[in-house]
Each structure stands twice: as structure tokens, then as C-alpha cells.
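**Q** Got a structure for you, my_file.cif, holding mmCIF, C-alpha atoms.
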```cif
data_my_file
#
loop_
_atom_site.group_PDB
_atom_site.id
_atom_site.type_symbol
_atom_site.label_atom_id
_atom_site.label_comp_id
_atom_site.auth_asym_id
_atom_site.auth_seq_id
_atom_site.Cartn_x
_atom_site.Cartn_y
_atom_site.Cartn_z
ATOM 1 C CA MET F 1 99.774 116.610 105.031
ATOM 2 C CA GLN F 2 97.525 116.635 101.968
ATOM 3 C CA LEU F 3 98.518 117.184 98.355
ATOM 4 C CA ASP F 4 96.710 117.555 95.069
ATOM 5 C CA LEU F 5 98.252 115.523 92.289
ATOM 6 C CA ALA F 6 99.324 117.459 89.231
ATOM 7 C CA GLY F 7 96.261 118.400 87.218
ATOM 8 C CA HIS F 8 94.007 118.136 90.263
ATOM 9 C CA GLY F 9 92.759 120.778 92.674
ATOM 10 C CA LYS F 10 95.123 123.737 92.728
ATOM 11 C CA SER F 11 98.112 121.863 91.317
ATOM 12 C CA ASP F 12 99.526 122.662 87.896
ATOM 13 C CA ALA F 13 97.899 121.124 84.821
ATOM 14 C CA SER F 14 100.316 122.333 82.152
ATOM 15 C CA ARG F 15 102.211 119.098 81.589
ATOM 16 C CA GLN F 16 102.249 117.693 78.095
ATOM 17 C CA ASP F 17 103.192 114.116 78.944
ATOM 18 C CA TRP F 18 101.355 112.416 81.804
ATOM 19 C CA THR F 19 102.692 109.168 83.306
ATOM 20 C CA SER F 20 102.235 107.196 86.500
ATOM 21 C CA GLU F 21 105.955 107.632 87.193
ATOM 22 C CA GLN F 22 105.570 111.411 87.124
ATOM 23 C CA TYR F 23 102.706 111.195 89.604
ATOM 24 C CA ALA F 24 104.826 108.975 91.845
ATOM 25 C CA ASN F 25 107.719 111.424 91.592
ATOM 26 C CA ASP F 26 105.401 114.251 92.654
ATOM 27 C CA ILE F 27 104.480 112.308 95.778
ATOM 28 C CA LYS F 28 108.163 111.588 96.458
ATOM 29 C CA ALA F 29 109.021 115.282 96.112
ATOM 30 C CA VAL F 30 106.535 116.165 98.848
ATOM 31 C CA ALA F 31 107.681 113.285 101.059
ATOM 32 C CA ASP F 32 111.291 114.436 100.720
ATOM 33 C CA GLU F 33 110.324 117.913 101.897
ATOM 34 C CA ILE F 34 108.756 116.825 105.180
ATOM 35 C CA HIS F 35 111.892 115.000 106.381
ATOM 36 C CA SER F 36 110.022 112.278 108.264
ATOM 37 C CA SER F 37 111.476 108.854 108.993
ATOM 38 C CA ASP F 38 108.021 107.225 109.173
ATOM 39 C CA ILE F 39 105.451 107.933 106.479
ATOM 40 C CA ILE F 40 102.072 106.385 105.759
ATOM 41 C CA LEU F 41 100.750 107.246 102.313
ATOM 42 C CA VAL F 42 96.983 107.453 101.874
ATOM 43 C CA GLY F 43 95.568 107.507 98.358
ATOM 44 C CA HIS F 44 92.007 107.620 97.075
ATOM 45 C CA SER F 45 90.895 106.410 93.645
ATOM 46 C CA MET F 46 93.622 106.932 91.024
ATOM 47 C CA SER F 47 95.890 108.360 93.728
ATOM 48 C CA GLY F 48 95.823 104.968 95.412
ATOM 49 C CA ALA F 49 97.511 103.469 92.393
ATOM 50 C CA TYR F 50 100.168 106.150 92.427
ATOM 51 C CA VAL F 51 101.005 105.924 96.133
ATOM 52 C CA LEU F 52 101.686 102.253 95.424
ATOM 53 C CA GLU F 53 104.308 103.245 92.870
ATOM 54 C CA ALA F 54 105.596 106.115 94.998
ATOM 55 C CA ALA F 55 106.216 103.763 97.937
ATOM 56 C CA LEU F 56 108.940 102.060 95.904
ATOM 57 C CA LYS F 57 110.751 105.391 95.644
ATOM 58 C CA ILE F 58 110.414 106.487 99.282
ATOM 59 C CA PRO F 59 112.270 104.329 101.843
ATOM 60 C CA GLN F 60 110.565 106.118 104.750
ATOM 61 C CA VAL F 61 107.136 104.778 103.806
ATOM 62 C CA LYS F 62 106.102 102.139 106.356
ATOM 63 C CA ALA F 63 102.539 101.430 105.180
ATOM 64 C CA LEU F 64 99.899 102.329 102.599
ATOM 65 C CA VAL F 65 96.203 103.043 102.958
ATOM 66 C CA LEU F 66 94.161 102.744 99.770
ATOM 67 C CA ILE F 67 90.705 104.313 99.594
ATOM 68 C CA ASP F 68 88.213 102.578 97.282
ATOM 69 C CA THR F 69 90.793 101.717 94.677
ATOM 70 C CA LEU F 70 92.633 98.699 93.219
ATOM 71 C CA LYS F 71 89.850 96.447 94.490
ATOM 72 C CA ASP F 72 90.842 93.718 92.035
ATOM 73 C CA LEU F 73 94.376 93.759 90.697
ATOM 74 C CA ASP F 74 93.475 91.022 88.231
ATOM 75 C CA GLU F 75 90.960 93.300 86.527
ATOM 76 C CA SER F 76 92.294 94.633 83.248
ATOM 77 C CA PHE F 77 91.058 96.489 80.183
ATOM 78 C CA THR F 78 92.409 96.506 76.658
ATOM 79 C CA GLU F 79 93.400 99.813 75.126
ATOM 80 C CA GLU F 80 90.475 99.464 72.742
ATOM 81 C CA GLN F 81 88.016 98.965 75.606
ATOM 82 C CA VAL F 82 89.275 102.013 77.427
ATOM 83 C CA GLU F 83 89.206 104.117 74.272
ATOM 84 C CA GLN F 84 85.693 103.055 73.317
ATOM 85 C CA PHE F 85 84.112 103.131 76.737
ATOM 86 C CA LEU F 86 85.713 106.050 78.498
ATOM 87 C CA PHE F 87 87.600 108.370 76.245
ATOM 88 C CA THR F 88 85.139 108.346 73.354
ATOM 89 C CA HIS F 89 82.393 109.424 75.730
ATOM 90 C CA TYR F 90 84.600 112.149 77.156
ATOM 91 C CA ARG F 91 85.606 113.513 73.777
ATOM 92 C CA ASN F 92 82.169 113.272 72.172
ATOM 93 C CA ASP F 93 80.178 114.880 74.968
ATOM 94 C CA PHE F 94 82.112 115.536 78.149
ATOM 95 C CA LYS F 95 79.222 117.187 79.962
ATOM 96 C CA ASN F 96 76.903 114.271 79.277
ATOM 97 C CA ALA F 97 79.569 111.776 80.342
ATOM 98 C CA VAL F 98 80.095 113.590 83.654
ATOM 99 C CA GLU F 99 76.417 114.068 84.379
ATOM 100 C CA ASN F 100 74.952 110.785 83.139
ATOM 101 C CA ILE F 101 77.610 108.102 82.630
ATOM 102 C CA LEU F 102 80.152 108.550 85.427
ATOM 103 C CA PRO F 103 77.493 108.664 88.173
ATOM 104 C CA GLN F 104 76.604 105.055 87.405
ATOM 105 C CA TYR F 105 80.046 104.026 88.619
ATOM 106 C CA LEU F 106 80.754 106.649 91.284
ATOM 107 C CA PHE F 107 77.530 106.981 93.231
ATOM 108 C CA THR F 108 74.803 104.914 94.850
ATOM 109 C CA GLU F 109 71.167 105.704 95.473
ATOM 110 C CA LYS F 110 72.146 106.911 98.944
ATOM 111 C CA THR F 111 74.861 109.301 97.815
ATOM 112 C CA PRO F 112 73.736 112.767 98.966
ATOM 113 C CA VAL F 113 72.588 115.056 96.172
ATOM 114 C CA GLU F 114 74.961 117.797 97.331
ATOM 115 C CA VAL F 115 77.919 115.426 96.939
ATOM 116 C CA LYS F 116 76.863 114.502 93.404
ATOM 117 C CA GLU F 117 76.403 118.155 92.470
ATOM 118 C CA ARG F 118 79.722 119.208 93.994
ATOM 119 C CA LEU F 119 81.706 116.541 92.174
ATOM 120 C CA SER F 120 79.911 117.102 88.886
ATOM 121 C CA TYR F 121 80.743 120.797 89.114
ATOM 122 C CA GLU F 122 84.406 120.083 89.906
ATOM 123 C CA PHE F 123 84.756 117.574 87.057
ATOM 124 C CA LEU F 124 83.277 120.028 84.579
ATOM 125 C CA GLN F 125 85.951 122.624 85.383
ATOM 126 C CA ASN F 126 88.267 120.515 83.191
ATOM 127 C CA GLU F 127 88.383 120.282 79.433
ATOM 128 C CA ALA F 128 87.543 116.872 77.965
ATOM 129 C CA GLU F 129 91.051 116.320 76.587
ATOM 130 C CA THR F 130 92.617 117.307 79.902
ATOM 131 C CA ALA F 131 90.493 114.730 81.709
ATOM 132 C CA VAL F 132 91.511 112.072 79.187
ATOM 133 C CA ASN F 133 95.206 112.889 79.599
ATOM 134 C CA LEU F 134 94.974 112.795 83.393
ATOM 135 C CA LEU F 135 93.327 109.380 83.364
ATOM 136 C CA LYS F 136 95.430 107.679 80.704
ATOM 137 C CA PRO F 137 98.310 106.618 83.002
ATOM 138 C CA LEU F 138 95.868 104.746 85.211
ATOM 139 C CA TYR F 139 94.978 102.442 82.337
ATOM 140 C CA LYS F 140 98.401 102.254 80.694
ATOM 141 C CA THR F 141 100.274 101.028 83.784
ATOM 142 C CA ASP F 142 100.349 97.418 84.968
ATOM 143 C CA PHE F 143 100.037 97.923 88.707
ATOM 144 C CA LYS F 144 100.342 94.172 89.349
ATOM 145 C CA ILE F 145 104.058 94.443 88.574
ATOM 146 C CA ILE F 146 104.371 97.323 91.024
ATOM 147 C CA ALA F 147 102.279 95.550 93.677
ATOM 148 C CA GLU F 148 104.560 92.507 93.600
ATOM 149 C CA GLN F 149 107.455 94.705 94.713
ATOM 150 C CA ILE F 150 105.645 96.157 97.730
ATOM 151 C CA GLN F 151 107.004 94.764 101.013
ATOM 152 C CA ILE F 152 105.067 96.949 103.478
ATOM 153 C CA PRO F 153 101.514 96.519 104.830
ATOM 154 C CA VAL F 154 98.670 97.724 102.627
ATOM 155 C CA VAL F 155 95.210 98.291 104.074
ATOM 156 C CA ALA F 156 92.221 99.425 102.029
ATOM 157 C CA ILE F 157 89.072 101.216 103.097
ATOM 158 C CA ASN F 158 86.549 100.266 100.452
ATOM 159 C CA SER F 159 82.963 101.038 99.675
ATOM 160 C CA ASP F 160 80.569 98.096 99.474
ATOM 161 C CA ALA F 161 79.188 99.462 96.195
ATOM 162 C CA SER F 162 81.467 96.998 94.386
ATOM 163 C CA PRO F 163 83.275 93.924 95.722
ATOM 164 C CA THR F 164 86.863 93.752 96.911
ATOM 165 C CA HIS F 165 88.671 90.669 95.604
ATOM 166 C CA LEU F 166 90.851 89.827 98.583
ATOM 167 C CA GLU F 167 92.538 86.718 97.228
ATOM 168 C CA ASN F 168 93.285 88.300 93.861
ATOM 169 C CA ASN F 169 95.033 91.202 95.550
ATOM 170 C CA ARG F 170 96.954 88.962 97.902
ATOM 171 C CA LYS F 171 98.510 87.240 94.896
ATOM 172 C CA TYR F 172 100.480 90.428 94.342
ATOM 173 C CA LEU F 173 100.527 92.362 97.616
ATOM 174 C CA LYS F 174 102.304 90.365 100.318
ATOM 175 C CA ASP F 175 100.483 92.027 103.224
ATOM 176 C CA TYR F 176 97.023 93.188 102.107
ATOM 177 C CA ASP F 177 93.782 93.561 103.991
ATOM 178 C CA TYR F 178 90.721 95.772 103.837
ATOM 179 C CA VAL F 179 87.790 97.130 105.799
ATOM 180 C CA THR F 180 84.436 98.141 104.388
ATOM 181 C CA ILE F 181 82.391 101.284 104.783
ATOM 182 C CA SER F 182 78.820 100.524 103.802
ATOM 183 C CA GLU F 183 76.123 102.327 101.855
ATOM 184 C CA VAL F 184 78.456 104.764 100.135
ATOM 185 C CA GLY F 185 79.830 105.143 96.641
ATOM 186 C CA HIS F 186 83.319 106.038 95.486
ATOM 187 C CA TYR F 187 83.701 109.047 97.795
ATOM 188 C CA PRO F 188 83.149 107.764 101.343
ATOM 189 C CA MET F 189 85.026 110.727 102.842
ATOM 190 C CA LEU F 190 82.355 113.041 101.418
ATOM 191 C CA GLU F 191 79.327 110.820 101.869
ATOM 192 C CA LYS F 192 79.973 109.733 105.473
ATOM 193 C CA PRO F 193 82.845 111.966 106.651
ATOM 194 C CA ASP F 194 82.570 111.237 110.368
ATOM 195 C CA GLU F 195 82.428 107.470 109.918
ATOM 196 C CA PHE F 196 85.190 107.563 107.335
ATOM 197 C CA ASN F 197 87.513 109.689 109.470
ATOM 198 C CA ALA F 198 86.996 107.414 112.463
ATOM 199 C CA LEU F 199 87.719 104.356 110.348
ATOM 200 C CA LEU F 200 90.805 105.925 108.807
ATOM 201 C CA GLY F 201 92.052 106.844 112.263
ATOM 202 C CA GLU F 202 91.627 103.259 113.451
ATOM 203 C CA VAL F 203 93.460 101.890 110.428
ATOM 204 C CA ILE F 204 96.390 104.295 110.801
ATOM 205 C CA LYS F 205 96.609 103.627 114.543
ATOM 206 C CA LYS F 206 97.058 99.921 113.845
ATOM 207 C CA LEU F 207 99.735 100.619 111.266
ATOM 208 C CA ILE F 208 101.832 102.928 113.412
#
```
Spell out the structure here as C-alpha cells.
**A**
Amino acid sequence: MQLDLAGHGKSDASRQDWTSEQYANDIKAVADEIHSSDIILVGHSMSGAYVLEAALKIPQVKALVLIDTLKDLDESFTEEQVEQFLFTHYRNDFKNAVENILPQYLFTEKTPVEVKERLSYEFLQNEAETAVNLLKPLYKTDFKIIAEQIQIPVVAINSDASPTHLENNRKYLKDYDYVTISEVGHYPMLEKPDEFNALLGEVIKKLI
């Protein structure tokens, strides 16, 4: 089963107060509806952070798969850094930020042009302030505290576009490991869908 977090895809974006706990509660609400005794949560990018928090609310979750996210739990940003670097760009010129700044962090030289164009188009369907509000919880939550409470296996599928800090993550996650998909950016499922799906299948098979 797939779900769009609130504010993403076809899910509602009318909330006034956005928090990581609300995102986690959304995931729990869906998990409660499927009535399964064994659940593996898979989360990409910011969703990876929220499935971590959701796992603490859902006893049926037996493992987590993180996709190109939380690659270094020791990495942190001050509120001022986030405001200056990210949100100021968004508010001042959202279109320019999406088209010229974000690609530096999301894509590689080998990312297909059609993937870049698709994601740019989807990002630009949002208003700048909406995008800021959706992202704020990611930077306001200390996921190290959440990670320390996780008792189940966590496996990541990460791009090699930036390093994964294995030992840093293992300081907080008791059972953490990762595999790498090479020559892709932040969206491996779009850039190399066949390879990604095969890799995800292998990871889930080992966790079952």
C-alpha cells in the first residue's frame, strides 16, 4: 500500500499547523486501517524521517526501509541556517530555487532530463509558503531522540551521490544497515526504477 503524506500528491494540504507527530499519526491511521500483524514501513526522503517516528506508534511494524534519507543522524542545522539557506530562497524566488538551487542537491549529471523536468513541474504546483510549512517539521525535530527508541531493524537504500555515515547512525539505531544504488541522485526509484525495485524487493525479503 502506498500513501501520500498530507500536503503531498493528492492528500489534503489545508492544515495550518504542520508537525512531525501529525505526519506520524497519518501513517498510523493508514496502518490501523489495513489490520495487518506484520508491517514494514518504507519511507523516502522526508517520509523516511516520519516512518521512524510512526514506528513508535504502531506495534505491528517489524522493520523499516529508508530511501536516501537520514544518511547521517549527527548532521544538524541551526534554525538560522535553515532560515537563511532554504526558506529565504523559497520565499524570495520559489521558481528560481526549484529550478536552480534544489537540483544541486537532488540530482546528478546522470539524472535523466525527464526526471528533472517532472519533479520541477511537481514542485512548482505548490506555493512557496506551503513548501516552507511542509518542510519545517523535518528541521525542527530531533530525530536522534526518536532513533534511540527504535528496537526493530532499519535498512536504508541510499544513493552514492552523498555518503552514508554508518557508524554515526549506529550510535542511535540499534540495528541499522544500508545498501547503495549507484549513479543516481535523490530519486533512485525514478532514475533507475528496475534496479531500485529489485533492490527493494531483496531488502524486504530479508526482513520478512
**Q** For this file, the PyMOL selection byres ((chain F and resi 204) around 12) selects which residues, as a VMD selection string?
**A** chain F and resid 39 to 42 62 to 66 153 to 157 197 to 203 205 to 208
**Q** With the PyMOL selection byres ((chain F and resi 110-121) around 10) as the selection, what would be picked from this file? Answer as a PyMOL selection string, please.
**A** chain F and resi 95+98-100+102-103+106-109+122-126+183-188+190-192
**Q** Could the residues in this selection be written to a file with C-alpha atoms, as a short mmCIF file (atom, residue, chain, number, x, y, z; two decimals), in the frame of the given file?
**A**
```
data_model
loop_
_atom_site.label_atom_id
_atom_site.label_comp_id
_atom_site.auth_asym_id
_atom_site.auth_seq_id
_atom_site.Cartn_x
_atom_site.Cartn_y
_atom_site.Cartn_z
CA LYS F 95 79.22 117.19 79.96
CA VAL F 98 80.10 113.59 83.65
CA GLU F 99 76.42 114.07 84.38
CA ASN F 100 74.95 110.78 83.14
CA LEU F 102 80.15 108.55 85.43
CA PRO F 103 77.49 108.66 88.17
CA LEU F 106 80.75 106.65 91.28
CA PHE F 107 77.53 106.98 93.23
CA THR F 108 74.80 104.91 94.85
CA GLU F 109 71.17 105.70 95.47
CA GLU F 122 84.41 120.08 89.91
CA PHE F 123 84.76 117.57 87.06
CA LEU F 124 83.28 120.03 84.58
CA GLN F 125 85.95 122.62 85.38
CA ASN F 126 88.27 120.52 83.19
CA GLU F 183 76.12 102.33 101.86
CA VAL F 184 78.46 104.76 100.14
CA GLY F 185 79.83 105.14 96.64
CA HIS F 186 83.32 106.04 95.49
CA TYR F 187 83.70 109.05 97.80
CA PRO F 188 83.15 107.76 101.34
CA LEU F 190 82.36 113.04 101.42
CA GLU F 191 79.33 110.82 101.87
CA LYS F 192 79.97 109.73 105.47
#
```
**Q** Written as a PyMOL selection string, what is the full residue list that the PyMOL selection byres ((chain F and resi 139-144) around 9) yields on the file shown?
**A** chain F and resi 19-20+49+52-53+70+73-74+76-79+82+135-138+145-149+169+172-173
**Q** Report, in Å to a single decimal, how far apart CA of Asn133 (chain F) and CA of Glu33 (chain F) are.
**A**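 Calculated distance between CA of Glu33 (chain F) and CA of Asn133 (chain F) is 27.4 Å.
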**Q** How many Å separate CA of Ile152 (chain F) from CA of Lys174 (chain F)?
**A**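 Separating CA of Ile152 (chain F) from CA of Lys174 (chain F) is a distance of 7.8 Å.
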